[in-house]
Amino acid sequence: MNNTVEPVLNRRSFLKTAAGRAGLVIGVQLLPGCALPEDPTRTGKPAGQSWSPGVFVAIDETGTVTITCHRSEMGQQIRTSIAQIVADELEADWDKVVVAQATGDPKYGDQNTDGSRSVRRNLTRLRQAGAAARQLLEQAAAEQWQVAAGECKADLHVVVHQPSGRRLAYGDLVPAAAQLSLPAPETVILKSRRDWRYIGKGQTSVDMASVLQGRAIYGYDVQLPGMKVAVIARPPTLFGKAESVDRTAALEVAGVEQVVELPVLTPPAAFKALGGVAVVASNSWAAIRGREALVVDWNAGANADYDSRAYGEALLASAHRPGRPVRNEGDVDTALRGAAKKVKAEYYVPHLSQAPMEPPCATAQVTATTAEVWACTQTPQATRRSVAQALGFEEQQVTVNVTLLGGGFGRKSKPDFAVEAALLAREVGAPVKVMWTREDDIRNGYLHSVSAQCIEAGLDERGKAVAWKHCTVFPSISATFAQGTKSASAGEMRLGFVDNPFDIPNMRLENGEAEAHVRIGWLRAVANVYHAFATQSFACELAVAAGRDPKDYLLELIGAPRLVDLAAKGVEYDNYGDPIETYPIDTGRLANVVKIAAERADWSRPRPAGSGLGIAVHRSFLSYVATVVEVTVDAEGALTIPATYVAIDAGTVVNPEHVRAQCEGGSIYGLSCALGEITAKDGAIEQGNYNDFLVARMDEAPYKIDVHIVDSDAPPGGVGEPPTPPFAPALCNAIHAATGKRIRRLPIGNQLQA
Amino acid sequence: MKVKINGKTHDYRGDPSMPILWYLRDELSLTGTKYGCGMALCGACTVHLDGQAVRACMTPMSVAEGGTITTIEGLSENGDHPVQQAWAEHNVPQCGYCQSGQMMQAAALLAGNKNPGDADIDQAMAGNICRCGTYVRIRAAIKTAAEATS
């Protein structure tokens, strides 16, 4: 694709693009239930909410098709996938397609780019947008030729009158088409799957050239005339505040212009600015040095005593005690008492930081009546809302431009950094860019929840699991939004916990209480990370206890192909917001990916000493992923990962190349989840950069990652997150196979050297 | 202070202790060179100084005096350096943020080693973090670029 599109760069190019987009603008109104019932890729719940007509496709008189991407681009190539979907139904020539990035606006429907739902919630509605435009062009041609619309067929950027062979290019049809009204959604006819031109193909990213030449614009790269740069000294502890500030040294740094105190944060933290003291300067270096020179005396506040080590031990103790039951089948206690063998283990996963390569960064310009923001945000609508609230504006007064994101992983779902920029821009009276340094990102972020779990199982005399008791304890993300929340939300319970797919007659799942002392937030795959770690590690422990092959035993735990009916078990379960009839919990698909990953890894081959394979499988975000990790551990305990085998069943896939990349990257992100740790002492985070918060580097990453995508015409599942949860348990199961050492507490750290 | 950047000579009169990174980004709007850590831990800011890969976030302007700097924007005229071509062929980038630094590091490796083995690649590239996890493709792309240039 010869695509010259650039992301929204700045006000000037944005305005030029908007003003220059003459011609046909097509909005497609989608209402719940308007998708064609026989459409196999139908998501079932088009928008997840009612939504207004949106503008997704524009065609100008030169024939250039502009497709608006309303989801944030953070490496998943959603800008490309959305263009593929719309262009396919539009019968557009890929070389004549450019992609524009939407601002935050409810007219697009949901824009919150998390939950691995961009494709699964948009495939049908964007196909309809493309198809509506196509039908409009066909109708315009029919009227021009005075023939029946049914005789006119769009074919790669021209409409052909089939009986006569006459042709009209899309660009030439724009003036006539612009006079027509859009076909009603229920009359839109989607292409049949076998005619897909771009969907299902590995189109190259539309941003490839700009990325490779350093021209792509991320949040950090925004520059406006007269812009100031701010770096903020934030309270080291949550809800701490500046007791006194000595600005003298900071103001002496050349380039520093102002020192501004931000409002003190009051609970709940939500998406509000953290507070602290901003150093505003004429350039980045001055702002960084000015912040270093600032002398602040902090009042640590209510979380001054938070010690993550003591806290973690308390969580573990709590995981051994009875909690609030969230799923209870059969009689676990009796089954455990009668079991031939009992196995019990506890697991611990620490706080983690998302640590995207680009730290949070936002630029804002505020007048008396308007605010404009440029930010690397996953959630432009919440950004708009949060900025409006902070400024006392109506949402309509705020424009949020979305840049490319240098990674997101959930951190950029929280727009606190955009709120900071808006507050400072108003205070300073000039455009302000707020740059988070890496230390800011690690120390003042929204951490992945620390978690402790205890699982006890009973095996019968043949080694078959007959009882499973599992308690999970972690501070809830809800505490970030409702101060004092101690129980996990239903949303967190459904992330790999209550949806346990194992075929065990006696099962009790419980949640213990925990108080949050830092901002807790989403990290790629969220609670699935620690729930899959415990569940899939323990599955392997049971296999070992039963003297069975871990893969065979895992398949036995999954049991016969069936649909797990949680409603019948009285379990509260929202299935990631999509209907269970459309996206059942299908143990047949779960077992299938296990078998594929094992086969590709040549699971049964003899292995030399110090080498081992481990397997894990997990359903999350409506997709099924099995991962086999191969490790070698030498006599000194040095770990290497020669290979990883991933099998994914994500239903219908829009771009297999990008799915493959997500499986590779998601695996390596899962590896990082087993390497890094964030700790707190006296309420403050102890790590600050990539030297003490460890993430996977090239020499630690798998040398080879084999990805198999199950060919499927099922509705599309999520892709960005599902590959991450199975990695760490598969890794630790492999380490056990290689060394006999069982890692139950992450990070792995020096446990292999002991 | 004179410094040549992407073929053009600039006269820098600012703070000699300022890292090259901020001069490139703030004053020359060469934003292809990225901030990632500020401590030479991640490699996102890698540029070439007199042909060597250096971390722009920790290299002060004083070190560049009289020197020649190449950034991602100057790696090739039309984006067709063998490394850039190989990166495209293997669809390496995900978010792309670290990739300028990865490519500059890889280009420096290949300039000094026409046929790097896995250990050479590990050694040269372990200082460049990619949170998206594109390492397998980076390795493959470096080998492709090596073949193209040998």
# chains A, B, ... in the order shown; residues from 1 in each chain; ligands from 1

$ interface_residues --of "chain A" --to "chain B" --cutoff "6 Å" --atoms "only C-alpha atoms" --output "ChimeraX atom specification"
/A:74-75,211,213-214,221,357-358,406-407,438,665,668,697-699

$ residues_around --residues "region 586-595 of chain A" --least-positions-apart "6" --cutoff "9 Å" --atoms "only C-alpha atoms" --output "list in words"
Pro501, Phe502, Lys551, Leu554, Leu555, Ile558, Gly559, Ala560, Pro561, Arg562, Leu563, Val564, Ile615, Ala616, Val617, His618, Arg619, Ser623, Tyr624, Val625, Ala626, Thr627, Val628, Val646, Ala647, Ile648, Asp649, His708 and Val710 of chain A

$ write_last_selection --atoms "N, CA and C atoms" --output "PDB file, in the first residue's frame"
ATOM      1  N   PRO A 501     -12.667 -23.240  33.553  1.00  0.00           N
ATOM      2  CA  PRO A 501     -13.349 -24.175  32.650  1.00  0.00           C
ATOM      3  C   PRO A 501     -13.169 -25.651  33.035  1.00  0.00           C
ATOM      4  N   PHE A 502     -12.473 -25.919  34.140  1.00  0.00           N
ATOM      5  CA  PHE A 502     -12.137 -27.319  34.443  1.00  0.00           C
ATOM      6  C   PHE A 502     -13.388 -28.113  34.823  1.00  0.00           C
ATOM      7  N   LYS A 551       0.508 -32.192  29.923  1.00  0.00           N
ATOM      8  CA  LYS A 551      -0.401 -31.860  28.821  1.00  0.00           C
ATOM      9  C   LYS A 551      -1.619 -32.769  28.842  1.00  0.00           C
ATOM     10  N   LEU A 554      -3.787 -31.789  31.744  1.00  0.00           N
ATOM     11  CA  LEU A 554      -4.499 -30.530  31.465  1.00  0.00           C
ATOM     12  C   LEU A 554      -5.743 -30.818  30.619  1.00  0.00           C
ATOM     13  N   LEU A 555      -5.581 -31.667  29.614  1.00  0.00           N
ATOM     14  CA  LEU A 555      -6.728 -32.014  28.768  1.00  0.00           C
ATOM     15  C   LEU A 555      -7.801 -32.745  29.574  1.00  0.00           C
ATOM     16  N   ILE A 558      -9.701 -30.180  31.542  1.00  0.00           N
ATOM     17  CA  ILE A 558     -10.635 -29.452  30.662  1.00  0.00           C
ATOM     18  C   ILE A 558     -11.848 -30.319  30.363  1.00  0.00           C
ATOM     19  N   GLY A 559     -11.609 -31.611  30.205  1.00  0.00           N
ATOM     20  CA  GLY A 559     -12.707 -32.556  30.032  1.00  0.00           C
ATOM     21  C   GLY A 559     -13.275 -32.575  28.628  1.00  0.00           C
ATOM     22  N   ALA A 560     -14.424 -33.191  28.496  1.00  0.00           N
ATOM     23  CA  ALA A 560     -15.046 -33.396  27.187  1.00  0.00           C
ATOM     24  C   ALA A 560     -15.473 -32.061  26.590  1.00  0.00           C
ATOM     25  N   PRO A 561     -15.542 -31.999  25.259  1.00  0.00           N
ATOM     26  CA  PRO A 561     -16.021 -30.760  24.618  1.00  0.00           C
ATOM     27  C   PRO A 561     -17.438 -30.434  25.080  1.00  0.00           C
ATOM     28  N   ARG A 562     -17.606 -29.229  25.602  1.00  0.00           N
ATOM     29  CA  ARG A 562     -18.925 -28.810  26.087  1.00  0.00           C
ATOM     30  C   ARG A 562     -18.915 -27.303  26.233  1.00  0.00           C
ATOM     31  N   LEU A 563     -20.092 -26.732  26.417  1.00  0.00           N
ATOM     32  CA  LEU A 563     -20.195 -25.306  26.689  1.00  0.00           C
ATOM     33  C   LEU A 563     -20.415 -25.137  28.191  1.00  0.00           C
ATOM     34  N   VAL A 564     -19.528 -24.406  28.849  1.00  0.00           N
ATOM     35  CA  VAL A 564     -19.638 -24.222  30.295  1.00  0.00           C
ATOM     36  C   VAL A 564     -20.741 -23.204  30.570  1.00  0.00           C
ATOM     37  N   ILE A 615       3.435 -26.177  29.582  1.00  0.00           N
ATOM     38  CA  ILE A 615       2.254 -25.786  28.806  1.00  0.00           C
ATOM     39  C   ILE A 615       1.239 -25.098  29.706  1.00  0.00           C
ATOM     40  N   ALA A 616       0.501 -24.177  29.122  1.00  0.00           N
ATOM     41  CA  ALA A 616      -0.605 -23.525  29.823  1.00  0.00           C
ATOM     42  C   ALA A 616      -1.614 -23.092  28.775  1.00  0.00           C
ATOM     43  N   VAL A 617      -2.860 -22.989  29.197  1.00  0.00           N
ATOM     44  CA  VAL A 617      -3.914 -22.555  28.276  1.00  0.00           C
ATOM     45  C   VAL A 617      -4.856 -21.634  29.026  1.00  0.00           C
ATOM     46  N   HIS A 618      -5.417 -20.661  28.315  1.00  0.00           N
ATOM     47  CA  HIS A 618      -6.313 -19.737  28.991  1.00  0.00           C
ATOM     48  C   HIS A 618      -7.256 -19.112  27.976  1.00  0.00           C
ATOM     49  N   ARG A 619      -8.518 -19.006  28.380  1.00  0.00           N
ATOM     50  CA  ARG A 619      -9.482 -18.259  27.575  1.00  0.00           C
ATOM     51  C   ARG A 619      -9.632 -16.885  28.200  1.00  0.00           C
ATOM     52  N   SER A 623     -11.175 -15.251  23.440  1.00  0.00           N
ATOM     53  CA  SER A 623     -10.273 -16.033  22.591  1.00  0.00           C
ATOM     54  C   SER A 623      -9.556 -17.091  23.434  1.00  0.00           C
ATOM     55  N   TYR A 624      -9.052 -18.085  22.741  1.00  0.00           N
ATOM     56  CA  TYR A 624      -8.416 -19.223  23.399  1.00  0.00           C
ATOM     57  C   TYR A 624      -6.940 -19.272  22.994  1.00  0.00           C
ATOM     58  N   VAL A 625      -6.050 -19.315  23.988  1.00  0.00           N
ATOM     59  CA  VAL A 625      -4.627 -19.353  23.670  1.00  0.00           C
ATOM     60  C   VAL A 625      -3.935 -20.427  24.509  1.00  0.00           C
ATOM     61  N   ALA A 626      -3.210 -21.291  23.837  1.00  0.00           N
ATOM     62  CA  ALA A 626      -2.334 -22.239  24.534  1.00  0.00           C
ATOM     63  C   ALA A 626      -0.892 -21.900  24.185  1.00  0.00           C
ATOM     64  N   THR A 627      -0.035 -22.005  25.181  1.00  0.00           N
ATOM     65  CA  THR A 627       1.368 -21.663  25.002  1.00  0.00           C
ATOM     66  C   THR A 627       2.242 -22.785  25.541  1.00  0.00           C
ATOM     67  N   VAL A 628       3.193 -23.210  24.727  1.00  0.00           N
ATOM     68  CA  VAL A 628       4.225 -24.130  25.204  1.00  0.00           C
ATOM     69  C   VAL A 628       5.541 -23.362  25.212  1.00  0.00           C
ATOM     70  N   VAL A 646       2.798 -20.940  20.253  1.00  0.00           N
ATOM     71  CA  VAL A 646       1.513 -20.356  20.629  1.00  0.00           C
ATOM     72  C   VAL A 646       0.448 -20.828  19.644  1.00  0.00           C
ATOM     73  N   ALA A 647      -0.657 -21.312  20.170  1.00  0.00           N
ATOM     74  CA  ALA A 647      -1.824 -21.614  19.320  1.00  0.00           C
ATOM     75  C   ALA A 647      -2.961 -20.728  19.791  1.00  0.00           C
ATOM     76  N   ILE A 648      -3.530 -19.983  18.870  1.00  0.00           N
ATOM     77  CA  ILE A 648      -4.619 -19.060  19.217  1.00  0.00           C
ATOM     78  C   ILE A 648      -5.851 -19.364  18.378  1.00  0.00           C
ATOM     79  N   ASP A 649      -6.993 -19.387  19.049  1.00  0.00           N
ATOM     80  CA  ASP A 649      -8.276 -19.436  18.353  1.00  0.00           C
ATOM     81  C   ASP A 649      -9.012 -18.156  18.721  1.00  0.00           C
ATOM     82  N   HIS A 708       0.502 -20.436  15.706  1.00  0.00           N
ATOM     83  CA  HIS A 708      -0.512 -21.065  14.856  1.00  0.00           C
ATOM     84  C   HIS A 708      -1.860 -20.414  15.117  1.00  0.00           C
ATOM     85  N   VAL A 710      -5.753 -20.660  14.570  1.00  0.00           N
ATOM     86  CA  VAL A 710      -6.779 -21.626  14.180  1.00  0.00           C
ATOM     87  C   VAL A 710      -7.694 -20.985  13.139  1.00  0.00           C
TER      88      VAL A 710
END

$ residues_around --residues "Ser244 (chain A)" --least-positions-apart "6" --cutoff "10 Å" --atoms "only C-alpha atoms" --output "list of chain:residue names"
A:Val295, A:Val296, A:Asp297, A:Trp298, A:Asn299

$ select_by_dssp --residues "chain B" --states "strand (DSSP E or B)" --output "JSON, numbers by chain"
{"B": [2, 3, 4, 5, 8, 9, 10, 11, 19, 46, 47, 48, 49, 52, 53, 54, 55, 60, 68, 69, 70]}

$ select_by_dssp --residues "chain B" --states "helix (DSSP H, G or I)" --output "ChimeraX atom specification"
/B:20-27,61-64,72-74,82-89,99-112,118-125,135-149

$ residues_around --residues "region 236-238 of chain A" --least-positions-apart "3" --cutoff "12 Å" --atoms "only C-alpha atoms" --output "mmCIF file with C-alpha atoms, in the first residue's frame"
data_model
loop_
_atom_site.group_PDB
_atom_site.id
_atom_site.type_symbol
_atom_site.label_atom_id
_atom_site.label_comp_id
_atom_site.auth_asym_id
_atom_site.auth_seq_id
_atom_site.Cartn_x
_atom_site.Cartn_y
_atom_site.Cartn_z
ATOM 1 C CA ILE A 232 6.010 17.596 37.670
ATOM 2 C CA ALA A 233 7.254 16.583 41.109
ATOM 3 C CA LYS A 241 0.851 16.579 49.479
ATOM 4 C CA ALA A 242 3.502 19.262 49.378
ATOM 5 C CA VAL A 264 -4.092 18.457 46.108
ATOM 6 C CA LEU A 265 -5.612 15.138 45.090
ATOM 7 C CA THR A 266 -8.617 14.017 47.084
ATOM 8 C CA PRO A 267 -10.082 10.500 46.998
ATOM 9 C CA PRO A 268 -11.018 8.790 44.821
ATOM 10 C CA ALA A 269 -7.950 9.112 42.598
ATOM 11 C CA ALA A 270 -9.836 8.093 39.446
ATOM 12 C CA ALA A 273 -4.236 14.822 38.419
ATOM 13 C CA LEU A 274 -2.048 13.424 41.198
ATOM 14 C CA GLY A 275 -1.133 16.843 42.514
ATOM 15 C CA GLY A 276 2.391 18.021 43.249
ATOM 16 C CA VAL A 277 4.530 20.843 41.939
ATOM 17 C CA VAL A 296 9.706 19.916 48.305
ATOM 18 C CA ASP A 297 8.853 18.820 51.816
ATOM 19 C CA TRP A 298 6.176 16.147 51.435
ATOM 20 C CA ASN A 299 3.460 15.203 53.856
ATOM 21 C CA ALA A 300 3.125 11.496 53.112
ATOM 22 C CA GLY A 301 -0.519 11.268 54.138
ATOM 23 C CA ALA A 302 -2.719 8.257 54.731
ATOM 24 C CA ASN A 303 -0.620 5.720 52.820
ATOM 25 C CA ALA A 304 2.670 6.525 54.548
ATOM 26 C CA ASP A 305 2.924 3.058 56.073
ATOM 27 C CA TYR A 306 2.388 1.005 52.933
ATOM 28 C CA ASP A 307 5.051 -1.707 52.839
ATOM 29 C CA GLU A 439 10.826 7.596 36.869
ATOM 30 C CA ASP A 440 7.470 9.332 36.967
ATOM 31 C CA ASP A 441 5.942 6.447 35.032
ATOM 32 C CA ILE A 442 7.310 3.784 37.380
ATOM 33 C CA ARG A 443 6.787 5.681 40.644
ATOM 34 C CA ASN A 444 3.496 7.461 40.077
ATOM 35 C CA GLY A 445 1.573 5.103 37.839
ATOM 36 C CA TYR A 446 -1.510 2.942 38.111
ATOM 37 C CA LEU A 447 -0.014 -0.370 39.159
ATOM 38 C CA THR A 480 -9.115 3.703 42.384
ATOM 39 C CA GLN A 483 -12.147 4.885 47.841
ATOM 40 C CA ALA A 516 -5.484 -0.513 48.111
ATOM 41 C CA HIS A 517 -2.650 1.854 49.040
ATOM 42 C CA VAL A 518 -1.562 2.854 45.542
ATOM 43 C CA ARG A 519 -3.507 3.601 42.406
ATOM 44 C CA ILE A 520 -4.432 0.201 40.965
ATOM 45 C CA ALA A 680 6.705 -0.025 48.016
ATOM 46 C CA LYS A 681 8.215 1.068 51.298
ATOM 47 C CA ASP A 682 6.887 3.855 53.496
ATOM 48 C CA GLY A 683 4.189 4.309 50.888
ATOM 49 C CA ALA A 684 6.615 5.121 48.058
ATOM 50 C CA ILE A 685 7.608 2.998 45.074
ATOM 51 C CA GLU A 686 11.178 1.731 45.346
ATOM 52 C CA GLN A 687 11.919 1.268 41.622
ATOM 53 C CA GLY A 688 12.448 4.061 39.154
#

$ residues_around --residues "Met104 (chain B)" --least-positions-apart "5" --cutoff "7 Å" --atoms "only C-alpha atoms" --output "list in words"
Thr46, Val47, Ala53 and Ile72 of chain B

$ write_last_selection --atoms "N, CA and C atoms" --output "mmCIF file, in the first residue's frame"
data_model
loop_
_atom_site.group_PDB
_atom_site.id
_atom_site.type_symbol
_atom_site.label_atom_id
_atom_site.label_comp_id
_atom_site.auth_asym_id
_atom_site.auth_seq_id
_atom_site.Cartn_x
_atom_site.Cartn_y
_atom_site.Cartn_z
ATOM 1 N N THR B 46 18.848 6.089 20.483
ATOM 2 C CA THR B 46 20.130 5.813 19.830
ATOM 3 C C THR B 46 20.302 6.598 18.519
ATOM 4 N N VAL B 47 21.440 7.269 18.416
ATOM 5 C CA VAL B 47 21.839 7.949 17.179
ATOM 6 C C VAL B 47 23.283 7.553 16.878
ATOM 7 N N ALA B 53 27.169 4.049 17.520
ATOM 8 C CA ALA B 53 25.859 4.175 18.167
ATOM 9 C C ALA B 53 26.059 4.731 19.570
ATOM 10 N N ILE B 72 17.653 8.919 12.808
ATOM 11 C CA ILE B 72 16.818 8.067 11.949
ATOM 12 C C ILE B 72 16.369 8.825 10.708
#

$ residues_around --residues "Ala567 (chain A)" --least-positions-apart "3" --cutoff "12 Å" --atoms "only C-alpha atoms" --output "MDAnalysis selection string"
chainID A and resid 327 498:499 563:564 570:575 580:581 584:585

$ atom_distance --atom1 "CA of Gln102 (chain B)" --atom2 "CA of Val3 (chain B)"
23.4 Å

$ atom_distance --atom1 "CA of Leu671 (chain A)" --atom2 "CA of Asp634 (chain A)"
18.6 Å

$ closest_residue --among "A:Thr582, A:Gln135, A:Gln179, A:Thr113" --to "Glu91 (chain A)" --atoms "only C-alpha atoms"
A:Gln135

$ residues_around --residues "His320 (chain A)" --least-positions-apart "4" --cutoff "9 Å" --atoms "only C-alpha atoms" --output "list in words"
Leu315, Leu316, Glu346, Gln453, Cys454, Ile455 and Cys471 of chain A

$ write_last_selection --atoms "N, CA and C atoms" --output "PDB file, in the first residue's frame"
ATOM      1  N   LEU A 315      -1.593 -10.653  52.461  1.00  0.00           N
ATOM      2  CA  LEU A 315      -2.493 -11.144  51.401  1.00  0.00           C
ATOM      3  C   LEU A 315      -2.448 -12.672  51.330  1.00  0.00           C
ATOM      4  N   LEU A 316      -1.236 -13.220  51.412  1.00  0.00           N
ATOM      5  CA  LEU A 316      -1.085 -14.676  51.348  1.00  0.00           C
ATOM      6  C   LEU A 316      -1.796 -15.341  52.522  1.00  0.00           C
ATOM      7  N   GLU A 346       0.279 -22.040  47.294  1.00  0.00           N
ATOM      8  CA  GLU A 346      -0.041 -20.612  47.257  1.00  0.00           C
ATOM      9  C   GLU A 346       0.807 -19.937  46.187  1.00  0.00           C
ATOM     10  N   GLN A 453      -2.902 -15.973  45.996  1.00  0.00           N
ATOM     11  CA  GLN A 453      -3.927 -17.000  45.809  1.00  0.00           C
ATOM     12  C   GLN A 453      -3.509 -18.284  46.500  1.00  0.00           C
ATOM     13  N   CYS A 454      -4.513 -19.009  46.967  1.00  0.00           N
ATOM     14  CA  CYS A 454      -4.260 -20.328  47.544  1.00  0.00           C
ATOM     15  C   CYS A 454      -5.225 -21.306  46.881  1.00  0.00           C
ATOM     16  N   ILE A 455      -4.686 -22.394  46.392  1.00  0.00           N
ATOM     17  CA  ILE A 455      -5.534 -23.417  45.764  1.00  0.00           C
ATOM     18  C   ILE A 455      -5.298 -24.751  46.468  1.00  0.00           C
ATOM     19  N   CYS A 471      -8.876 -19.522  46.486  1.00  0.00           N
ATOM     20  CA  CYS A 471      -9.172 -18.190  47.020  1.00  0.00           C
ATOM     21  C   CYS A 471      -8.210 -17.174  46.422  1.00  0.00           C
TER      22      CYS A 471
END

$ closest_residue --among "B:His48, B:Thr70, B:Ala64, B:Ala56" --to "Gly7 (chain B)" --atoms "only C-alpha atoms"
B:Thr70
